[in-house]
Number of protein chains: 2
Amino acid sequence: MKKFINAPDDFVRDSVAGLVMAHEGLLALNEAPLFVYRRTPKQGRVALVSGGGSGHEPLHSGYVGAGMLDAACPGEVFTAPTPDQIVAAAQRVEAGQGVLLIVKNYAGDGASFQMASDMLEVECATVLVNDDVAVEHSLHTTGRRGVAGTLIVEKMTGAAAEAGADLYECKTLGARVNAQTASMGVALTSCTVPEAQAPTFDIGGTEMEVGVGIHGEPGRYRRPLMPADDIVALLLEPVLQDLALKPGSTVLLHVNGFGGTPLMELHLVSGIATRQLRSAGIQVTRWLVGNHTTSLEMAGMSITLTKLDDELTRLWDASVTTPSLRW
Amino acid sequence: MKKFINAPDDFVRDSVAGLVMAHEGLLALNEAPLFVYRRTPKQGRVALVSGGGSGHEPLHSGYVGAGMLDAACPGEVFTAPTPDQIVAAAQRVEAGQGVLLIVKNYAGDGASFQMASDMLEVECATVLVNDDVAVEHSLHTTGRRGVAGTLIVEKMTGAAAEAGADLYECKTLGARVNAQTASMGVALTSCTVPEAQAPTFDIGGTEMEVGVGIHGEPGRYRRPLMPADDIVALLLEPVLQDLALKPGSTVLLHVNGFGGTPLMELHLVSGIATRQLRSAGIQVTRWLVGNHTTSLEMAGMSITLTKLDDELTRLWDASVTTPSLRW
């Protein structure tokens, strides 16, 4: 395991501190309990709070800022944040209109956010993200996993909150975006959790894990590496099926790298996916390509589609100013 | 070698096509000869053209857009673009005020851009970037290599061109930014060029290559991996010395990943570098952290400092709209 790190115990704290230093105009750090929040939150809007295990950066801390999250709570690597982090973050950013909690569907995250929600004395609601179509139940999950679609939920609900939507509207919108979003990923290598010091799983030099989770959880099956055209087709098929997309549908295409796959390959995948979707009569009108929801240094990627309509397109296009999403 | 790829021969073309598709409002593609250009260039400004071997994405194609490059010419992986690419790109984007060519200092790039410059019938000037302080001469270079500082030169001269600076002013500025910029990198793993199908160099499971080039060229020495604090100190020392930075100096800190190192580690490095620079009395006032000048999937990173003054700070802060740099 070769990483830029001092000690495993300090990894998350040091990394989050570096993020906030590099964006001092935008972000502020609360050291104990650990959370990152928008330095100058907009008053009178619903506050959006997310979080989860570290190791998926820039998710979630890199999406704190105008038009997206108000606070993010990083847990230890691949470990849910504690309820006290979530409660403290929510209380810090609540601005009179309640708090929307955006939670990836894993047992640990669900329990922590539920407990926080019970403890919070401000009005709050929860959106559960479960966009991964690979498997119905997984190592840490009852039901589908929440993966790269999470940032799409965060972006669109963030835009709605910034524009003045109330808590009920934000929650309803988040659930709708989640229902219209589906993802499927593939891993070429494992990642190594610093404290474990050994790869999370073994994989052969010519194999790929189809349907992998963002913590290295098993997917649907393992098979020999194929040309990119075939891998893209393999990932798109269950996503299209899940969303019941038909010729004429309009989608956002998000090609997400897992951390160890360079942008050059992700753009290649995005181009292939765009051509395949167009061949199927589906209009791709928005794209997001890059390492956004990572699994430490894992090589691999996922393809996410969100079925768009005018409202969701407008929310996606709305101005956003965060460290890792900005337009 | 596990990559998302169809065939090595199509790798660059397919990747560039994917990039342009995903940014269709901003970029246009010229297929033969291959170059990427700004879809709606600003008339009456100096046109900025760069390029180089592929494998360093987002450099250069990801920096085409308002306030930065007007065109980028991608060569094959780690291979200079041909003069006809550069000539065609320059002619396409020239807007009445001449063309500034921004060239990383490698023998192949230098020869191609020089030949293009001789063939061009429009007024042109060249800025050579050689920010890498690791070694004086290298495998493909007479003199120092051009690495991650290149995008800083591209950003600042792009801002000046957008604001109406003439060709002479842009060239003088580019040379000044280059002179005030220094970089040093370290690799933890090698990359694999698709056509070669084997790693560019061998490196042990607990070693690092200090002073590595962005094509995997040898650096200063190899030594056992150290804690991040010590690696940062090792890289900062020659950079500080090269720029003769003194207490009270103000700098831009750019922590650049080589493609296989996740953002979480880069932010950790950035935080450490910020603290070390502050301890030395140097003010860090601007940051850029991410995988910007990569070496395919190499794990590793470089630290770049640019000595700032009011003019350079203003040029850095100026609005920019490109696929991979946007504010």
# chains A, B, ... in the order shown; residues from 1 in each chain; ligands from 1
>>> select_by_dssp(residues="region 58-230 of chain A", states="strand (DSSP E or B)", output="VMD selection string")
chain A and resid 64 66 69 71 to 77 99 to 104 124 to 129 132 138 141 181 to 187 192 199 207 to 210 221 to 224
>>> calpha_fit_and_write(fixed="chain B", moving="chain A", output="compact mmCIF listing (two decimals) with C-alpha atoms, in the first residue's frame")
# COMPACT_ATOMS: atom_id res chain seq x y z
CA MET A 1 -2.43 -3.40 -18.25
CA LYS A 2 -6.13 -2.87 -17.52
CA LYS A 3 -7.63 0.20 -19.14
CA PHE A 4 -10.96 1.27 -20.59
CA ILE A 5 -9.93 1.22 -24.22
CA ASN A 6 -10.93 -0.32 -27.52
CA ALA A 7 -7.69 -0.33 -29.51
CA PRO A 8 -4.46 1.56 -28.77
CA ASP A 9 -4.60 3.18 -32.21
CA ASP A 10 -7.97 4.76 -31.47
CA PHE A 11 -7.33 5.71 -27.83
CA VAL A 12 -6.56 9.40 -28.31
CA ARG A 13 -9.15 9.98 -31.00
CA ASP A 14 -11.92 8.26 -28.98
CA SER A 15 -11.04 10.11 -25.80
CA VAL A 16 -10.90 13.53 -27.44
CA ALA A 17 -14.21 12.85 -29.19
CA GLY A 18 -15.77 12.00 -25.82
CA LEU A 19 -14.43 15.19 -24.26
CA VAL A 20 -15.86 17.37 -27.02
CA MET A 21 -19.26 15.59 -26.96
CA ALA A 22 -19.53 16.22 -23.21
CA HIS A 23 -18.80 19.93 -23.70
CA GLU A 24 -20.57 20.59 -26.97
CA GLY A 25 -21.51 24.13 -25.99
CA LEU A 26 -17.92 25.07 -25.30
CA LEU A 27 -15.70 23.00 -27.60
CA ALA A 28 -15.52 21.95 -31.22
CA LEU A 29 -13.52 19.11 -32.74
CA ASN A 30 -11.43 19.10 -35.87
CA GLU A 31 -10.92 15.46 -36.72
CA ALA A 32 -8.13 15.64 -39.31
CA PRO A 33 -5.72 16.99 -38.39
CA LEU A 34 -6.84 16.48 -34.80
CA PHE A 35 -7.38 19.52 -32.61
CA VAL A 36 -9.90 20.89 -30.15
CA TYR A 37 -10.95 24.52 -30.29
CA ARG A 38 -13.19 27.01 -28.61
CA ARG A 39 -16.56 26.87 -30.30
CA THR A 40 -17.15 30.61 -30.11
CA PRO A 41 -13.74 32.26 -29.92
CA LYS A 42 -13.59 35.87 -28.88
CA GLN A 43 -12.82 38.03 -31.87
CA GLY A 44 -9.99 40.54 -31.72
CA ARG A 45 -7.94 38.83 -29.02
CA VAL A 46 -4.59 37.10 -29.23
CA ALA A 47 -5.26 33.41 -29.88
CA LEU A 48 -3.59 30.92 -27.51
CA VAL A 49 -2.66 27.52 -28.92
CA SER A 50 -1.04 24.73 -26.95
CA GLY A 51 -0.67 20.99 -27.29
CA GLY A 52 1.56 18.06 -26.58
CA GLY A 53 1.49 14.34 -26.16
CA SER A 54 -1.76 12.83 -24.89
CA GLY A 55 -1.85 11.07 -21.55
CA HIS A 56 -1.65 14.28 -19.49
CA GLU A 57 -5.39 15.07 -19.49
CA PRO A 58 -7.00 17.40 -18.71
CA LEU A 59 -3.90 19.24 -20.02
CA HIS A 60 -4.26 20.68 -22.68
CA SER A 61 -7.68 20.02 -24.24
CA GLY A 62 -9.51 20.43 -20.93
CA TYR A 63 -8.28 24.02 -20.73
CA VAL A 64 -9.76 25.25 -23.97
CA GLY A 65 -12.45 27.85 -23.40
CA ALA A 66 -13.15 31.42 -22.37
CA GLY A 67 -10.23 32.97 -20.51
CA MET A 68 -7.70 30.28 -21.32
CA LEU A 69 -6.71 28.39 -24.52
CA ASP A 70 -8.31 28.87 -27.92
CA ALA A 71 -7.09 25.53 -29.26
CA ALA A 72 -5.19 22.43 -28.14
CA CYS A 73 -3.43 19.86 -30.33
CA PRO A 74 -3.23 16.37 -28.81
CA GLY A 75 -0.46 14.11 -30.08
CA GLU A 76 -0.46 10.37 -29.65
CA VAL A 77 0.25 9.22 -26.07
CA PHE A 78 3.47 10.88 -24.86
CA THR A 79 4.23 11.94 -28.46
CA ALA A 80 4.41 15.52 -29.73
CA PRO A 81 1.64 16.73 -32.05
CA THR A 82 2.64 17.12 -35.69
CA PRO A 83 3.26 20.57 -37.20
CA ASP A 84 0.20 20.27 -39.44
CA GLN A 85 -2.06 19.93 -36.38
CA ILE A 86 -0.59 23.09 -34.89
CA VAL A 87 -0.75 25.06 -38.15
CA ALA A 88 -4.37 24.08 -38.77
CA ALA A 89 -5.39 24.89 -35.19
CA ALA A 90 -3.63 28.27 -35.24
CA GLN A 91 -5.21 29.22 -38.56
CA ARG A 92 -8.64 28.18 -37.30
CA VAL A 93 -8.56 30.33 -34.15
CA GLU A 94 -6.44 33.29 -35.21
CA ALA A 95 -8.61 36.36 -34.72
CA GLY A 96 -6.60 39.25 -36.08
CA GLN A 97 -4.17 39.72 -33.17
CA GLY A 98 -1.70 36.89 -33.77
CA VAL A 99 -1.12 33.53 -32.11
CA LEU A 100 0.74 32.69 -28.90
CA LEU A 101 2.09 29.14 -28.85
CA ILE A 102 2.55 27.67 -25.35
CA VAL A 103 4.98 24.78 -25.46
CA LYS A 104 6.29 22.41 -22.79
CA ASN A 105 10.05 22.08 -23.08
CA TYR A 106 10.59 18.67 -24.71
CA ALA A 107 12.61 18.06 -27.86
CA GLY A 108 9.65 16.73 -29.87
CA ASP A 109 7.24 19.47 -28.88
CA GLY A 110 9.83 22.14 -29.45
CA ALA A 111 10.58 20.87 -32.96
CA SER A 112 6.91 20.56 -33.96
CA PHE A 113 5.93 23.99 -32.67
CA GLN A 114 9.04 25.56 -34.23
CA MET A 115 8.23 24.05 -37.59
CA ALA A 116 4.60 25.16 -37.29
CA SER A 117 5.71 28.62 -36.36
CA ASP A 118 7.90 28.77 -39.50
CA MET A 119 4.98 27.63 -41.66
CA LEU A 120 2.37 29.96 -40.18
CA GLU A 121 1.54 33.04 -42.19
CA VAL A 122 0.03 34.83 -39.22
CA GLU A 123 2.06 36.64 -36.59
CA CYS A 124 3.06 34.31 -33.80
CA ALA A 125 5.21 34.09 -30.69
CA THR A 126 6.18 31.24 -28.39
CA VAL A 127 6.35 30.74 -24.64
CA LEU A 128 8.45 27.77 -23.54
CA VAL A 129 7.51 26.27 -20.17
CA ASN A 130 10.26 24.59 -18.14
CA ASP A 131 9.10 24.64 -14.53
CA ASP A 132 10.39 21.23 -13.39
CA VAL A 133 13.34 21.79 -11.05
CA ALA A 134 14.09 18.07 -10.61
CA VAL A 135 16.75 17.64 -13.27
CA GLU A 136 18.59 19.94 -15.65
CA HIS A 137 18.46 17.59 -18.65
CA SER A 138 16.25 14.54 -19.12
CA LEU A 139 15.40 11.74 -21.55
CA HIS A 140 13.52 13.92 -24.01
CA THR A 141 14.81 17.33 -23.03
CA THR A 142 17.66 19.72 -23.27
CA GLY A 143 17.13 21.90 -20.24
CA ARG A 144 14.38 21.56 -17.70
CA ARG A 145 11.09 19.81 -18.40
CA GLY A 146 7.74 21.53 -18.64
CA VAL A 147 5.22 20.02 -16.23
CA ALA A 148 2.30 21.14 -14.04
CA GLY A 149 3.22 24.82 -14.16
CA THR A 150 2.09 24.84 -17.79
CA LEU A 151 -1.56 25.29 -16.89
CA ILE A 152 -0.67 28.26 -14.72
CA VAL A 153 1.03 29.90 -17.69
CA GLU A 154 -1.99 29.03 -19.83
CA LYS A 155 -4.46 30.42 -17.27
CA MET A 156 -2.68 33.71 -16.69
CA THR A 157 -1.82 34.45 -20.31
CA GLY A 158 -5.36 33.40 -21.26
CA ALA A 159 -6.78 35.93 -18.84
CA ALA A 160 -4.49 38.63 -20.23
CA ALA A 161 -5.43 37.80 -23.82
CA GLU A 162 -9.13 37.81 -22.94
CA ALA A 163 -8.67 41.27 -21.41
CA GLY A 164 -7.06 42.61 -24.57
CA ALA A 165 -3.29 42.26 -24.07
CA ASP A 166 -1.38 42.23 -27.36
CA LEU A 167 0.88 39.43 -28.58
CA TYR A 168 4.06 40.95 -27.18
CA GLU A 169 2.44 41.51 -23.78
CA CYS A 170 1.12 37.95 -23.71
CA LYS A 171 4.50 36.50 -24.59
CA THR A 172 6.31 38.63 -22.01
CA LEU A 173 3.77 37.73 -19.37
CA GLY A 174 3.99 34.01 -20.18
CA ALA A 175 7.77 34.09 -19.85
CA ARG A 176 7.46 35.92 -16.55
CA VAL A 177 4.91 33.44 -15.13
CA ASN A 178 7.16 30.57 -16.20
CA ALA A 179 10.17 32.18 -14.51
CA GLN A 180 8.15 32.61 -11.29
CA THR A 181 6.89 29.01 -11.32
CA ALA A 182 8.69 25.88 -10.14
CA SER A 183 7.59 22.25 -9.70
CA MET A 184 8.86 18.98 -8.32
CA GLY A 185 7.11 15.60 -8.40
CA VAL A 186 7.23 12.12 -6.92
CA ALA A 187 5.90 8.84 -8.32
CA LEU A 188 4.65 5.84 -6.36
CA THR A 189 3.82 3.67 -9.40
CA SER A 190 4.59 3.69 -13.10
CA CYS A 191 2.12 4.28 -15.88
CA THR A 192 1.63 2.00 -18.89
CA VAL A 193 1.50 3.42 -22.41
CA PRO A 194 -1.26 1.49 -24.25
CA GLU A 195 0.91 0.69 -27.26
CA ALA A 196 3.77 -0.51 -25.05
CA GLN A 197 1.53 -2.74 -22.90
CA ALA A 198 4.18 -2.84 -20.16
CA PRO A 199 4.95 -0.34 -17.39
CA THR A 200 7.29 2.48 -18.40
CA PHE A 201 9.54 1.74 -15.42
CA ASP A 202 9.79 -0.75 -12.57
CA ILE A 203 9.45 0.44 -9.02
CA GLY A 204 9.40 -1.58 -5.81
CA GLY A 205 6.35 -1.96 -3.59
CA THR A 206 7.78 0.36 -0.93
CA GLU A 207 9.77 2.79 -3.10
CA MET A 208 9.18 6.21 -4.57
CA GLU A 209 10.87 8.05 -7.45
CA VAL A 210 11.71 11.57 -6.35
CA GLY A 211 11.77 14.13 -9.15
CA VAL A 212 9.95 11.92 -11.66
CA GLY A 213 8.91 13.40 -15.01
CA ILE A 214 5.37 13.30 -16.36
CA HIS A 215 6.29 10.57 -18.83
CA GLY A 216 7.86 8.44 -16.12
CA GLU A 217 11.34 9.83 -16.79
CA PRO A 218 13.84 9.25 -13.99
CA GLY A 219 14.09 11.88 -11.30
CA ARG A 220 16.86 12.63 -8.83
CA TYR A 221 16.86 9.43 -6.82
CA ARG A 222 14.77 6.59 -5.52
CA ARG A 223 14.18 5.94 -1.87
CA PRO A 224 11.82 4.14 0.50
CA LEU A 225 8.36 5.67 0.90
CA MET A 226 8.16 8.21 3.73
CA PRO A 227 5.33 9.83 5.68
CA ALA A 228 3.55 12.56 3.73
CA ASP A 229 5.06 15.30 5.93
CA ASP A 230 8.57 14.27 4.89
CA ILE A 231 7.71 13.85 1.21
CA VAL A 232 6.23 17.34 1.10
CA ALA A 233 9.34 18.81 2.73
CA LEU A 234 11.52 16.95 0.23
CA LEU A 235 9.60 18.42 -2.72
CA LEU A 236 9.24 21.94 -1.35
CA GLU A 237 12.92 22.47 -0.60
CA PRO A 238 14.23 22.64 -4.20
CA VAL A 239 11.15 24.57 -5.32
CA LEU A 240 11.65 27.23 -2.66
CA GLN A 241 15.32 27.39 -3.50
CA ASP A 242 14.68 27.76 -7.23
CA LEU A 243 12.26 30.64 -6.74
CA ALA A 244 14.42 32.23 -4.03
CA LEU A 245 11.28 32.65 -1.94
CA LYS A 246 11.74 34.59 1.26
CA PRO A 247 9.55 35.16 4.30
CA GLY A 248 6.80 37.51 3.24
CA SER A 249 6.53 36.15 -0.31
CA THR A 250 3.06 35.31 -1.59
CA VAL A 251 2.44 32.14 -3.62
CA LEU A 252 -0.09 30.07 -5.50
CA LEU A 253 0.18 26.43 -4.37
CA HIS A 254 -0.73 23.83 -6.98
CA VAL A 255 -0.82 20.20 -5.83
CA ASN A 256 -1.17 18.11 -8.96
CA GLY A 257 -2.05 14.41 -9.08
CA PHE A 258 -0.53 12.21 -11.78
CA GLY A 259 -3.80 10.39 -12.50
CA GLY A 260 -3.86 7.44 -10.11
CA THR A 261 -3.75 9.37 -6.82
CA PRO A 262 -7.15 10.24 -5.39
CA LEU A 263 -8.22 13.72 -4.35
CA MET A 264 -8.27 12.73 -0.68
CA GLU A 265 -4.49 12.28 -0.70
CA LEU A 266 -3.93 15.44 -2.74
CA HIS A 267 -5.88 17.52 -0.22
CA LEU A 268 -3.86 15.99 2.58
CA VAL A 269 -0.66 16.97 0.75
CA SER A 270 -2.00 20.48 0.10
CA GLY A 271 -2.77 20.98 3.77
CA ILE A 272 0.69 19.83 4.80
CA ALA A 273 2.37 22.03 2.19
CA THR A 274 0.33 25.02 3.29
CA ARG A 275 1.37 24.54 6.91
CA GLN A 276 5.04 24.08 6.00
CA LEU A 277 5.04 27.16 3.80
CA ARG A 278 3.36 29.23 6.50
CA SER A 279 5.96 28.03 8.99
CA ALA A 280 8.60 29.36 6.60
CA GLY A 281 6.83 32.74 6.56
CA ILE A 282 5.44 32.31 3.06
CA GLN A 283 1.86 33.34 2.46
CA VAL A 284 -0.24 30.91 0.45
CA THR A 285 -3.13 32.90 -0.96
CA ARG A 286 -4.31 30.74 -3.86
CA TRP A 287 -4.64 26.96 -4.23
CA LEU A 288 -5.30 24.50 -7.02
CA VAL A 289 -5.58 20.85 -5.98
CA GLY A 290 -6.45 17.97 -8.27
CA ASN A 291 -5.41 15.71 -11.13
CA HIS A 292 -4.58 18.39 -13.70
CA THR A 293 -1.36 17.36 -15.46
CA THR A 294 -1.40 13.60 -15.39
CA SER A 295 0.75 10.71 -16.58
CA LEU A 296 -1.99 8.29 -17.55
CA GLU A 297 -2.79 6.28 -14.38
CA MET A 298 0.49 6.91 -12.54
CA ALA A 299 0.14 7.25 -8.77
CA GLY A 300 2.07 10.26 -7.57
CA MET A 301 1.90 14.00 -7.39
CA SER A 302 3.83 17.20 -7.87
CA ILE A 303 3.96 20.44 -5.96
CA THR A 304 4.13 23.69 -7.92
CA LEU A 305 4.55 27.18 -6.55
CA THR A 306 4.06 30.41 -8.47
CA LYS A 307 5.34 33.58 -6.88
CA LEU A 308 2.40 35.97 -6.97
CA ASP A 309 2.08 39.73 -7.18
CA ASP A 310 -1.07 41.80 -7.64
CA GLU A 311 -1.09 41.43 -11.41
CA LEU A 312 -0.66 37.64 -11.39
CA THR A 313 -3.25 37.23 -8.63
CA ARG A 314 -5.76 39.23 -10.64
CA LEU A 315 -5.03 37.16 -13.76
CA TRP A 316 -5.43 33.92 -11.79
CA ASP A 317 -8.74 35.10 -10.32
CA ALA A 318 -10.16 36.23 -13.66
CA SER A 319 -13.19 34.33 -14.86
CA VAL A 320 -12.43 31.11 -16.75
CA THR A 321 -14.82 28.65 -18.42
CA THR A 322 -13.19 25.44 -19.61
CA PRO A 323 -14.05 21.77 -19.02
CA SER A 324 -11.53 21.37 -16.20
CA LEU A 325 -10.96 24.88 -14.84
CA ARG A 326 -13.98 27.04 -14.24
CA TRP A 327 -14.68 29.96 -11.96
>>> select_by_dssp(residues="region 260-311 of chain A", states="helix (DSSP H, G or I)", output="list in words")
Leu263, Met264, Glu265, Leu266, His267, Leu268, Val269, Ser270, Gly271, Ile272, Ala273, Thr274, Arg275, Gln276, Leu277, Arg278, Ser279, Asp310 and Glu311 of chain A
